[in-house]
>>> print(open('final.cif').read())   # mmCIF, C-alpha atoms
data_data
loop_
_atom_site.label_atom_id
_atom_site.label_comp_id
_atom_site.auth_asym_id
_atom_site.auth_seq_id
_atom_site.Cartn_x
_atom_site.Cartn_y
_atom_site.Cartn_z
CA MET A 30 -6.09 4.73 49.89
CA THR A 31 -6.91 7.61 47.57
CA GLN A 32 -3.33 8.86 47.75
CA ALA A 33 -2.05 5.40 46.78
CA PHE A 34 -4.29 5.31 43.72
CA GLU A 35 -3.23 8.87 42.82
CA SER A 36 0.41 7.76 42.81
CA LEU A 37 -0.42 4.59 40.86
CA ASN A 38 -2.29 6.54 38.19
CA TYR A 39 0.53 9.06 37.97
CA GLY A 40 2.95 6.26 37.05
CA LEU A 41 0.48 4.50 34.74
CA VAL A 42 -0.13 7.68 32.74
CA LEU A 43 3.60 8.06 32.20
CA ILE A 44 3.96 4.43 31.07
CA TYR A 45 0.85 4.77 28.88
CA GLY A 46 2.21 7.90 27.20
CA VAL A 47 5.75 6.58 26.66
CA LEU A 48 4.66 3.23 25.25
CA LEU A 49 2.12 4.85 22.92
CA SER A 50 4.74 7.35 21.73
CA VAL A 51 7.13 4.51 20.88
CA ASP A 52 4.37 2.58 19.09
CA PHE A 53 3.29 5.64 17.08
CA ALA A 54 6.91 6.20 16.07
CA GLY A 55 7.20 2.68 14.66
CA GLY A 56 7.83 0.45 17.67
CA TYR A 57 10.94 -1.47 18.65
CA THR A 58 13.49 -2.92 16.27
CA ASN A 59 15.97 -4.36 18.78
CA ARG A 60 16.49 -5.14 22.48
CA LYS A 61 18.47 -1.94 23.03
CA GLN A 62 15.40 0.14 22.22
CA LYS A 63 13.35 -1.80 24.77
CA TRP A 64 15.95 -0.99 27.42
CA LEU A 65 15.85 2.67 26.34
CA THR A 66 12.07 2.69 26.79
CA GLY A 67 12.37 1.33 30.32
CA PHE A 68 15.20 3.78 31.03
CA ILE A 69 13.20 6.82 29.93
CA ILE A 70 10.17 5.72 31.99
CA VAL A 71 12.21 5.27 35.19
CA THR A 72 14.30 8.41 34.63
CA VAL A 73 11.36 10.70 33.89
CA LEU A 74 9.39 9.29 36.81
CA LEU A 75 12.31 9.99 39.20
CA ILE A 76 12.72 13.52 37.82
CA GLN A 77 9.00 14.19 38.30
CA ILE A 78 9.10 12.91 41.89
CA VAL A 79 12.13 15.05 42.74
CA CYS A 80 10.59 18.14 41.11
CA GLY A 81 7.31 17.52 42.92
CA LEU A 82 9.04 17.26 46.29
CA VAL A 83 11.31 20.26 45.71
CA PHE A 84 9.15 22.68 43.70
CA GLY A 85 5.63 21.44 44.36
CA LEU A 86 3.01 19.81 42.13
CA THR A 87 1.77 23.02 40.50
CA PHE A 88 5.19 24.09 39.25
CA THR A 89 6.03 20.52 38.18
CA LYS A 90 2.94 20.46 35.94
CA LYS A 91 4.09 23.69 34.29
CA ILE A 92 7.54 22.32 33.46
CA TYR A 93 6.18 18.88 32.51
CA PRO A 94 6.86 19.38 28.76
CA PHE A 95 10.56 20.00 29.52
CA ILE A 96 11.09 17.15 31.98
CA SER A 97 8.93 14.54 30.22
CA HIS A 98 7.98 15.26 26.62
CA LEU A 99 11.25 16.83 25.46
CA PRO A 100 13.44 13.98 26.78
CA LEU A 101 11.10 11.44 25.19
CA ILE A 102 11.35 13.22 21.82
CA LEU A 103 15.14 13.25 22.05
CA ILE A 104 15.22 9.54 22.91
CA LEU A 105 13.07 8.76 19.85
CA ILE A 106 15.36 10.82 17.62
CA ILE A 107 18.72 9.72 19.01
CA GLY A 108 18.07 6.25 20.40
CA PHE A 109 15.36 5.06 18.01
CA LYS A 110 16.76 6.90 14.95
CA LYS A 111 13.40 8.46 14.12
CA LYS A 112 12.93 11.61 12.09
CA PRO A 113 12.29 14.71 14.25
CA GLY A 114 8.83 15.24 12.75
CA ILE A 115 7.81 11.64 13.43
CA ALA A 116 9.14 11.84 17.01
CA VAL A 117 7.31 15.11 17.81
CA VAL A 118 3.97 14.04 16.30
CA SER A 119 4.19 10.63 18.03
CA VAL A 120 4.55 12.26 21.45
CA LEU A 121 1.79 14.80 20.71
CA THR A 122 -0.56 12.04 19.53
CA ALA A 123 0.13 9.97 22.64
CA TYR A 124 -0.65 13.04 24.78
CA PHE A 125 -3.85 13.54 22.80
CA CYS A 126 -4.86 9.90 23.46
CA CYS A 127 -4.45 10.42 27.21
CA GLN A 128 -7.73 12.32 27.05
CA LEU A 129 -9.67 9.12 26.26
CA PRO A 130 -9.33 7.31 29.64
CA ARG A 131 -9.50 10.65 31.46
CA TRP A 132 -12.90 11.46 29.95
CA VAL A 133 -14.36 8.03 30.81
CA ALA A 134 -13.05 8.41 34.37
CA SER A 135 -14.64 11.87 34.57
CA VAL A 136 -18.00 10.35 33.64
CA ALA A 137 -17.59 7.82 36.45
CA GLU A 138 -16.73 10.61 38.91
CA PHE A 139 -19.80 12.58 37.80
CA ALA A 140 -22.01 9.51 38.22
CA PHE A 141 -20.73 8.39 41.66
CA HIS A 142 -19.60 11.77 43.04
CA THR A 143 -16.36 10.36 44.44
CA ARG A 144 -12.70 10.83 43.55
CA MET A 145 -12.10 7.14 44.13
CA ALA A 146 -14.51 6.27 41.27
CA PHE A 147 -12.43 8.48 38.98
CA LEU A 148 -9.17 6.83 40.03
CA LEU A 149 -10.45 3.25 39.79
CA VAL A 150 -12.01 3.74 36.35
CA TYR A 151 -8.95 5.68 35.17
CA THR A 152 -6.65 2.79 36.14
CA VAL A 153 -8.76 0.22 34.31
CA CYS A 154 -9.31 2.43 31.24
CA ILE A 155 -5.60 3.18 30.78
CA ILE A 156 -4.92 -0.55 30.40
CA ILE A 157 -7.93 -1.13 28.14
CA PHE A 158 -7.33 1.87 25.89
CA TYR A 159 -3.64 1.09 25.49
CA SER A 160 -4.43 -2.48 24.40
CA VAL A 161 -7.08 -1.33 21.93
CA LEU A 162 -5.00 1.50 20.47
CA ARG A 163 -1.89 -0.68 20.13
CA ARG A 164 -3.82 -3.38 18.31
CA TYR A 165 -6.03 -1.31 16.02
CA PHE A 166 -4.60 2.20 15.73
CA THR A 167 -0.85 2.64 16.25
CA ASN A 168 0.29 0.87 13.06
CA SER A 169 -2.17 2.81 10.92
CA ALA A 170 -1.16 6.04 12.62
CA HIS A 171 2.53 5.39 11.96
CA SER A 172 1.83 4.62 8.29
CA ALA A 173 -0.12 7.87 7.96
CA MET A 174 2.70 9.87 9.56
CA ALA A 175 5.46 8.24 7.53
CA TYR A 176 3.64 8.40 4.17
CA SER A 177 4.62 11.98 3.31
CA ARG A 178 5.33 15.38 4.83
CA ARG A 179 1.80 16.46 4.02
CA GLY A 180 0.49 13.33 5.73
CA LEU A 181 2.62 14.09 8.79
CA PHE A 182 1.26 17.63 8.98
CA LEU A 183 -2.26 16.36 8.37
CA PHE A 184 -2.02 13.81 11.17
CA GLY A 185 -0.12 15.95 13.66
CA GLY A 186 -2.06 19.20 13.31
CA LEU A 187 -4.91 18.42 15.66
CA PRO A 188 -2.77 16.83 18.45
CA LEU A 189 -0.45 19.87 18.32
CA PHE A 190 -3.36 22.27 18.60
CA TYR A 191 -4.89 20.31 21.49
CA TYR A 192 -1.54 20.19 23.28
CA LEU A 193 -1.12 23.98 23.09
CA PHE A 194 -4.76 24.63 23.98
CA ASP A 195 -4.68 22.30 26.98
CA TYR A 196 -1.54 23.84 28.48
CA VAL A 197 -2.56 27.44 27.82
CA THR A 198 -6.10 27.09 29.22
CA THR A 199 -5.64 24.54 32.05
CA VAL A 200 -1.98 24.44 33.14
CA TYR A 201 -0.60 27.93 32.61
CA SER A 202 -4.01 29.48 33.35
CA ASP A 203 -7.51 28.40 34.34
CA MET A 204 -9.38 30.12 31.50
CA LEU A 205 -11.16 26.92 30.49
CA TYR A 206 -12.71 26.56 33.96
CA GLN A 207 -13.71 30.22 34.35
CA GLY A 208 -16.75 29.78 32.13
CA ILE A 209 -15.49 32.17 29.46
CA LYS A 210 -17.79 31.49 26.51
CA MET A 211 -15.21 32.46 23.89
CA ILE A 212 -12.73 29.92 25.26
CA ALA A 213 -15.36 27.19 25.58
CA GLU A 214 -16.51 27.73 21.99
CA PHE A 215 -13.00 28.03 20.60
CA LEU A 216 -12.07 24.35 20.86
CA PRO A 217 -15.11 23.02 18.90
CA ALA A 218 -14.63 25.74 16.26
CA ALA A 219 -10.94 24.93 15.87
CA MET A 220 -11.69 21.20 15.61
CA ALA A 221 -14.29 21.93 12.91
CA LEU A 222 -11.65 23.95 11.02
CA PHE A 223 -9.16 21.11 11.27
CA TYR A 224 -11.85 18.71 10.05
CA VAL A 225 -12.47 20.83 6.94
CA LEU A 226 -8.73 21.10 6.21
CA PHE A 227 -8.34 17.38 6.82
CA ILE A 228 -11.02 16.50 4.26
CA VAL A 229 -9.51 18.82 1.62
CA MET A 230 -5.94 17.61 2.11
CA TYR A 231 -6.98 13.97 2.45
CA HIS A 232 -8.87 14.18 -0.84
CA LYS A 233 -5.75 15.54 -2.56
CA GLU A 234 -3.63 12.79 -1.01
CA VAL A 235 -6.06 10.12 -2.23
CA GLN A 236 -6.03 11.58 -5.74
CA LYS A 237 -2.24 11.71 -5.72
CA ARG A 238 -2.00 8.11 -4.50
CA ASN A 239 -4.51 6.93 -7.10
CA GLN A 240 -2.51 8.65 -9.84
CA ILE A 241 0.69 6.99 -8.63
CA GLU A 242 -1.03 3.60 -8.59
CA LEU A 243 -2.35 4.21 -12.12
CA ASP A 244 1.11 5.21 -13.33
CA ASN A 245 2.65 2.12 -11.71
CA THR A 246 0.01 -0.08 -13.35
CA MET A 247 0.65 1.47 -16.75
CA LEU A 248 4.40 1.16 -16.25
CA SER A 249 4.00 -2.54 -15.41
CA MET A 250 1.93 -2.99 -18.55
CA GLN A 251 4.54 -1.15 -20.62
CA LEU A 252 7.34 -3.31 -19.20
CA GLU A 253 5.33 -6.45 -19.85
CA GLN A 254 4.73 -5.32 -23.42
CA ALA A 255 8.44 -4.55 -23.77
CA SER A 256 9.25 -8.05 -22.56
CA ASN A 257 6.84 -9.49 -25.15
CA ASP A 258 8.43 -7.36 -27.87
CA ILE A 259 11.87 -8.65 -26.94
CA GLN A 260 10.64 -12.24 -27.04
CA SER A 261 9.03 -11.65 -30.44
CA ALA A 262 12.24 -10.14 -31.78
CA LYS A 263 14.24 -13.07 -30.43
CA ALA A 264 11.77 -15.44 -32.06
CA SER A 265 12.31 -13.68 -35.38
CA GLN A 266 16.04 -13.96 -34.85
CA GLU A 267 15.65 -17.69 -34.26
CA ILE A 268 13.65 -18.01 -37.47
CA ALA A 269 16.51 -16.32 -39.32
CA ARG A 270 18.91 -18.86 -37.84
CA ILE A 271 16.64 -21.66 -39.06
CA TYR A 272 16.63 -20.16 -42.53
CA ARG A 273 20.40 -20.12 -42.55
CA HIS A 274 20.47 -23.67 -41.25
CA ASP A 275 18.12 -24.80 -44.04
CA LEU A 276 20.12 -22.98 -46.70
CA ARG A 277 21.31 -26.28 -48.22
CA HIS A 278 17.70 -27.29 -48.83
CA HIS A 279 17.02 -24.01 -50.61
CA LEU A 280 20.14 -24.44 -52.73
CA SER A 281 19.07 -27.96 -53.64
CA LEU A 282 15.68 -26.71 -54.80
CA LEU A 283 17.24 -23.89 -56.80
CA TYR A 284 19.60 -26.40 -58.44
CA SER A 285 16.63 -28.48 -59.55
CA PHE A 286 14.99 -25.36 -61.02
CA ALA A 287 18.24 -24.55 -62.83
CA GLU A 288 18.51 -28.08 -64.26
CA SER A 289 15.03 -27.75 -65.72
CA GLY A 290 15.94 -24.36 -67.14
CA ASN A 291 13.08 -22.60 -65.30
CA LEU A 292 14.68 -19.18 -64.71
CA GLU A 293 11.41 -17.48 -63.75
CA LYS A 294 10.84 -19.87 -60.82
CA ILE A 295 14.40 -19.23 -59.63
CA LYS A 296 13.82 -15.45 -59.64
CA ASN A 297 10.50 -15.64 -57.81
CA TYR A 298 11.87 -18.06 -55.22
CA LEU A 299 14.91 -15.87 -54.52
CA LEU A 300 12.78 -12.73 -54.20
CA GLN A 301 10.40 -14.45 -51.76
CA GLU A 302 13.22 -15.79 -49.61
CA GLN A 303 14.98 -12.42 -49.62
CA LYS A 304 11.78 -10.73 -48.44
CA GLU A 305 11.28 -13.21 -45.59
CA LEU A 306 14.91 -12.89 -44.51
CA ASP A 307 14.69 -9.10 -44.48
CA GLU A 308 11.59 -9.25 -42.26
CA THR A 309 13.06 -11.68 -39.77
CA THR A 310 16.76 -10.83 -39.63
CA PRO A 311 17.61 -7.94 -37.30
CA SER A 312 20.07 -5.39 -38.60
CA ILE A 313 23.30 -4.89 -36.69
CA PHE A 314 23.57 -1.34 -35.38
CA CYS A 315 25.85 -1.92 -32.38
CA GLU A 316 27.28 -4.66 -30.17
CA ASN A 317 24.22 -4.79 -27.89
CA ASN A 318 21.79 -7.50 -29.00
CA THR A 319 18.70 -6.03 -27.30
CA ALA A 320 19.25 -2.66 -28.97
CA ASN A 321 19.65 -4.37 -32.34
CA LEU A 322 16.41 -6.32 -31.91
CA VAL A 323 14.32 -3.31 -30.85
CA ILE A 324 15.78 -0.83 -33.33
CA SER A 325 15.48 -3.35 -36.19
CA SER A 326 11.81 -3.88 -35.38
CA PHE A 327 10.99 -0.17 -35.53
CA HIS A 328 13.30 0.35 -38.48
CA ASN A 329 11.09 -2.08 -40.42
CA LYS A 330 7.88 -0.43 -39.12
CA ALA A 331 9.14 2.99 -40.21
CA LYS A 332 10.06 1.64 -43.64
CA LYS A 333 6.53 0.27 -44.16
CA VAL A 334 4.94 3.71 -43.59
CA GLY A 335 7.51 5.58 -45.64
CA VAL A 336 9.55 7.08 -42.78
CA SER A 337 13.36 7.33 -42.87
CA PHE A 338 14.78 5.80 -39.68
CA ILE A 339 18.39 6.93 -39.24
CA VAL A 340 20.29 5.21 -36.42
CA GLU A 341 23.60 5.93 -34.74
CA ALA A 342 24.22 3.43 -31.94
CA LYS A 343 27.41 2.78 -30.02
CA LEU A 344 26.53 0.50 -27.14
CA PRO A 345 28.53 -2.25 -25.42
CA ILE A 346 27.47 -5.89 -25.36
CA LYS A 347 26.11 -5.60 -21.79
CA LEU A 348 24.20 -2.70 -20.25
CA GLU A 349 23.52 -2.43 -16.52
CA ILE A 350 19.79 -1.92 -17.05
CA ALA A 351 16.95 -4.41 -17.36
CA ASP A 352 16.19 -5.34 -20.98
CA THR A 353 12.50 -4.57 -20.35
CA GLU A 354 13.24 -1.02 -19.17
CA PHE A 355 15.67 -0.34 -22.01
CA CYS A 356 13.21 -1.80 -24.52
CA SER A 357 10.32 0.24 -23.06
CA ILE A 358 12.22 3.52 -23.51
CA LEU A 359 13.32 2.74 -27.08
CA SER A 360 9.94 1.29 -28.05
CA ASN A 361 7.81 4.12 -26.66
CA GLY A 362 10.12 6.81 -28.03
CA SER A 363 10.38 5.18 -31.46
CA GLU A 364 6.67 4.40 -31.74
CA ASN A 365 5.68 7.97 -30.87
CA ALA A 366 8.23 9.28 -33.40
CA ILE A 367 6.93 7.02 -36.20
CA ASN A 368 3.31 7.98 -35.49
CA ALA A 369 4.17 11.69 -35.63
CA ALA A 370 6.44 11.52 -38.69
CA SER A 371 4.04 9.33 -40.70
CA ARG A 372 1.38 12.09 -40.58
CA ILE A 373 3.57 14.54 -42.52
CA GLU A 374 2.30 14.93 -46.09
CA ASP A 375 5.74 15.80 -47.53
CA LYS A 376 7.46 12.40 -47.57
CA SER A 377 10.91 14.01 -47.79
CA LEU A 378 10.39 15.39 -44.26
CA ARG A 379 9.45 12.04 -42.72
CA ILE A 380 12.76 11.59 -40.89
CA ILE A 381 13.58 10.07 -37.51
CA ARG A 382 17.05 10.13 -35.95
CA VAL A 383 17.92 7.74 -33.11
CA SER A 384 21.14 8.02 -31.14
CA CYS A 385 22.26 5.65 -28.37
CA SER A 386 25.64 5.83 -26.67
CA MET A 387 27.54 5.63 -23.38
CA ASN A 388 29.35 8.58 -21.81
CA ARG A 389 30.97 8.57 -18.34
CA ASN A 390 29.01 5.52 -17.23
CA LYS A 391 25.71 7.05 -18.35
CA LEU A 392 23.39 5.71 -21.03
CA LEU A 393 22.38 8.51 -23.42
CA ILE A 394 19.36 8.10 -25.68
CA MET A 395 18.12 10.75 -28.10
CA ILE A 396 15.22 10.38 -30.54
CA GLN A 397 14.34 13.23 -32.92
CA ASN A 398 11.47 13.34 -35.38
CA ALA A 399 9.70 15.84 -37.57
CA TYR A 400 6.05 16.61 -36.84
CA THR A 401 3.17 18.83 -37.92
CA GLY A 402 0.64 20.71 -35.83
CA GLU A 403 1.15 21.59 -32.18
CA ILE A 404 2.46 19.52 -29.27
CA GLN A 405 1.11 20.40 -25.84
CA ILE A 406 3.45 19.87 -22.90
CA LYS A 407 2.13 19.86 -19.33
CA ASP A 408 4.37 19.35 -16.29
CA ASP A 409 7.29 18.78 -18.69
CA ILE A 410 5.51 15.79 -20.30
CA PRO A 411 3.75 15.81 -23.72
CA ILE A 412 0.04 15.19 -23.42
CA SER A 413 -2.03 13.32 -25.98
CA THR A 414 -5.39 14.51 -27.26
CA GLN A 415 -6.38 10.91 -28.02
CA GLU A 416 -8.15 8.82 -25.38
CA HIS A 417 -6.08 6.07 -23.73
CA HIS A 418 -2.86 7.50 -25.22
CA GLY A 419 0.05 9.38 -23.72
CA PHE A 420 1.21 6.70 -21.30
CA GLY A 421 4.43 6.04 -23.25
CA CYS A 422 6.06 9.33 -22.27
CA ARG A 423 5.00 8.89 -18.65
CA SER A 424 6.51 5.40 -18.66
CA ILE A 425 9.80 6.81 -19.94
CA VAL A 426 9.79 9.44 -17.17
CA ALA A 427 8.94 6.81 -14.52
CA ILE A 428 11.83 4.57 -15.59
CA ALA A 429 14.24 7.53 -15.66
CA LYS A 430 13.23 8.60 -12.14
CA LYS A 431 13.47 5.03 -10.89
CA ARG A 432 17.09 4.89 -12.04
CA ASN A 433 17.92 8.41 -10.74
CA GLY A 434 18.20 9.75 -14.28
CA PHE A 435 16.02 12.16 -16.23
CA ALA A 436 13.97 12.40 -19.41
CA ALA A 437 13.42 15.68 -21.26
CA PHE A 438 10.95 16.47 -24.06
CA GLU A 439 11.42 19.45 -26.39
CA ALA A 440 9.28 20.65 -29.27
CA GLY A 441 10.15 23.51 -31.60
CA GLY A 442 10.71 24.26 -35.25
CA ASN A 443 8.60 21.20 -36.14
CA ILE A 444 11.26 18.97 -34.55
CA PHE A 445 10.42 16.95 -31.46
CA THR A 446 13.33 15.72 -29.32
CA LEU A 447 13.41 13.12 -26.56
CA ARG A 448 16.55 12.99 -24.42
CA VAL A 449 17.07 10.34 -21.75
CA VAL A 450 20.08 10.08 -19.41
CA LEU A 451 20.35 7.00 -17.20
CA PRO A 452 23.22 6.38 -14.75
CA MET A 453 24.54 2.86 -15.01
CA GLY A 454 25.64 0.80 -12.01
CA GLU A 455 24.80 1.46 -8.37
#
>>> encode(input="final.cif", output="structure tokens")
Amino acid sequence: MTQAFESLNYGLVLIYGVLLSVDFAGGYTNRKQKWLTGFIIVTVLLIQIVCGLVFGLTFTKKIYPFISHLPLILILIIGFKKKPGIAVVSVLTAYFCCQLPRWVASVAEFAFHTRMAFLLVYTVCIIIFYSVLRRYFTNSAHSAMAYSRRGLFLFGGLPLFYYLFDYVTTVYSDMLYQGIKMIAEFLPAAMALFYVLFIVMYHKEVQKRNQIELDNTMLSMQLEQASNDIQSAKASQEIARIYRHDLRHHLSLLYSFAESGNLEKIKNYLLQEQKELDETTPSIFCENNTANLVISSFHNKAKKVGVSFIVEAKLPIKLEIADTEFCSILSNGSENAINAASRIEDKSLRIIRVSCSMNRNKLLIMIQNAYTGEIQIKDDIPISTQEHHGFGCRSIVAIAKKRNGFAAFEAGGNIFTLRVVLPMGE
């Protein structure tokens, strides 16, 4: 009876370990992978039986990593298309989790002083622990492993250490059972060390993730603002169309002023209409309507604060980039340039140059402006000394990275330069 339960547990442990390894690695995606899981279980079990009969149980335990764990890792890499790091850590974590039912079974054996108690409890616990881990732990574990390389190292460090410790002290030797104090104390000390490292690295990961979430939030806000700016510019363009449509009414009124000989009213009326048209009609810098709307808006803003806004734009009618992203780059770059140039006391130096063009299916944007004082650059991005400022440059960098391009900021000789290169198309 005992021998039958020994054999049953031997097979259950293998199934438990293989299924957990697959779940930790991300689970199944098709029927073929389910067949591969069954194949590896049957194959490894047959290999273990043959090795046990031919070489004996002791030797089979020593080569267990090569006849069980290594084939499982290869199946996860080749058959399940998992990354090697994910495959290795998944198998190590599954091995680590085998200790849970074993410990509960050891408590039962200690309480009842029989091997049968160990085997019965072990059989039940394997089923219970697998169900609990699969429902509450495996998905979270896979997310932690797949999040980043640091996360993979963080998650896999302790299972790797336990794996090596267990084989060195219990399989390839019996140091753990000899009562050597140094060996007995080593495992708790090592786990404490891993705990300290885990807390430090986890804290850095949380900070990094929070920063990414903050950047994404700010980028969303910038894109939303860019969308609003485009809509406002289009609204101004529509107003200009209405003015042109109502031109006959204006001419009629002017004719009545002329008939009455009131030249002063004609002059004032024309000046007022000219001013309103200038404020609402976008200038034409290139064939692209979005570029004209955005550049016109900042051209007028620069004019109001006494800044020369020189534009050279050669863009096609359609660009393979979202209007909101394109607007966000131009708006943030132009707004920063106007703010910097407007602080210069010498009005003759208040100059901004904007260049937009296409070259080899890449969108090239360059904005140059004069400035005074010092510009601090950290991690290749200018930093603002004002609270709640400095997100514009980070938004430009985020959009450039998103589109596999780059954004560069240079400051020297009292000239600040922003260069953006964005690949168009796929």
>>> closest_residue(input="final.cif", among="A:Cys126, A:Cys315, A:Leu105, A:Ile115", to="A:Ile346", atoms="all atoms listed in the file")
A:Cys315
>>> resolve_selection(input="final.cif", expression="the PyMOL selection byres ((chain A and resi 42) around 12)", output="PyMOL selection string")
chain A and resi 34-41+43-49+70+73-74+97+123-124+126-131+148+151-156+158-159
>>> atom_distance(input="final.cif", atom1="atom CA of A:Asn329", atom2="atom CA of A:Glu341")
15.9 Å
>>> atom_distance(input="final.cif", atom1="atom CA of A:Phe166", atom2="atom CA of A:Thr122")
11.3 Å
>>> residues_around(input="final.cif", residues="A:Ala219", least_positions_apart="4", cutoff="10 Å", atoms="only C-alpha atoms", output="ChimeraX atom specification")
/A:187,190-191,214-215,223-225
>>> write_last_selection(input="final.cif", atoms="C-alpha atoms", output="PDB file, keeping the file's coordinate frame")
ATOM      1  CA  LEU A 187      -4.910  18.420  15.660  1.00  0.00           C
ATOM      2  CA  PHE A 190      -3.360  22.270  18.600  1.00  0.00           C
ATOM      3  CA  TYR A 191      -4.890  20.310  21.490  1.00  0.00           C
ATOM      4  CA  GLU A 214     -16.510  27.730  21.990  1.00  0.00           C
ATOM      5  CA  PHE A 215     -13.000  28.030  20.600  1.00  0.00           C
ATOM      6  CA  PHE A 223      -9.160  21.110  11.270  1.00  0.00           C
ATOM      7  CA  TYR A 224     -11.850  18.710  10.050  1.00  0.00           C
ATOM      8  CA  VAL A 225     -12.470  20.830   6.940  1.00  0.00           C
TER       9      VAL A 225
END
>>> atom_distance(input="final.cif", atom1="atom CA of A:Tyr192", atom2="atom CA of A:Arg178")
20.3 Å
>>> resolve_selection(input="final.cif", expression="the PyMOL selection byres ((chain A and resi 372) around 10)", output="PyMOL selection string")
chain A and resi 334+336+367-371+373-376+379+399-402
>>> residues_around(input="final.cif", residues="A:Arg432", least_positions_apart="6", cutoff="9 Å", atoms="all atoms listed in the file", output="list in words")
Ile350, Leu451, Pro452 and Met453 of chain A
>>> write_last_selection(input="final.cif", atoms="C-alpha atoms", output="PDB file, in the coordinates of the input")
ATOM      1  CA  ILE A 350      19.790  -1.920 -17.050  1.00  0.00           C
ATOM      2  CA  LEU A 451      20.350   7.000 -17.200  1.00  0.00           C
ATOM      3  CA  PRO A 452      23.220   6.380 -14.750  1.00  0.00           C
ATOM      4  CA  MET A 453      24.540   2.860 -15.010  1.00  0.00           C
TER       5      MET A 453
END
>>> residues_around(input="final.cif", residues="stretch 93-96 of chain A", least_positions_apart="3", cutoff="12 Å", atoms="all atoms listed in the file", output="VMD selection string")
chain A and resid 43 69 to 70 72 to 81 86 to 90 99 to 103 117 120 to 121 124 192 to 193 196 200 to 201
>>> resolve_selection(input="final.cif", expression="the PyMOL selection byres ((chain A and resi 386) around 9)", output="PyMOL selection string")
chain A and resi 341-345+384-385+387-388+391-394
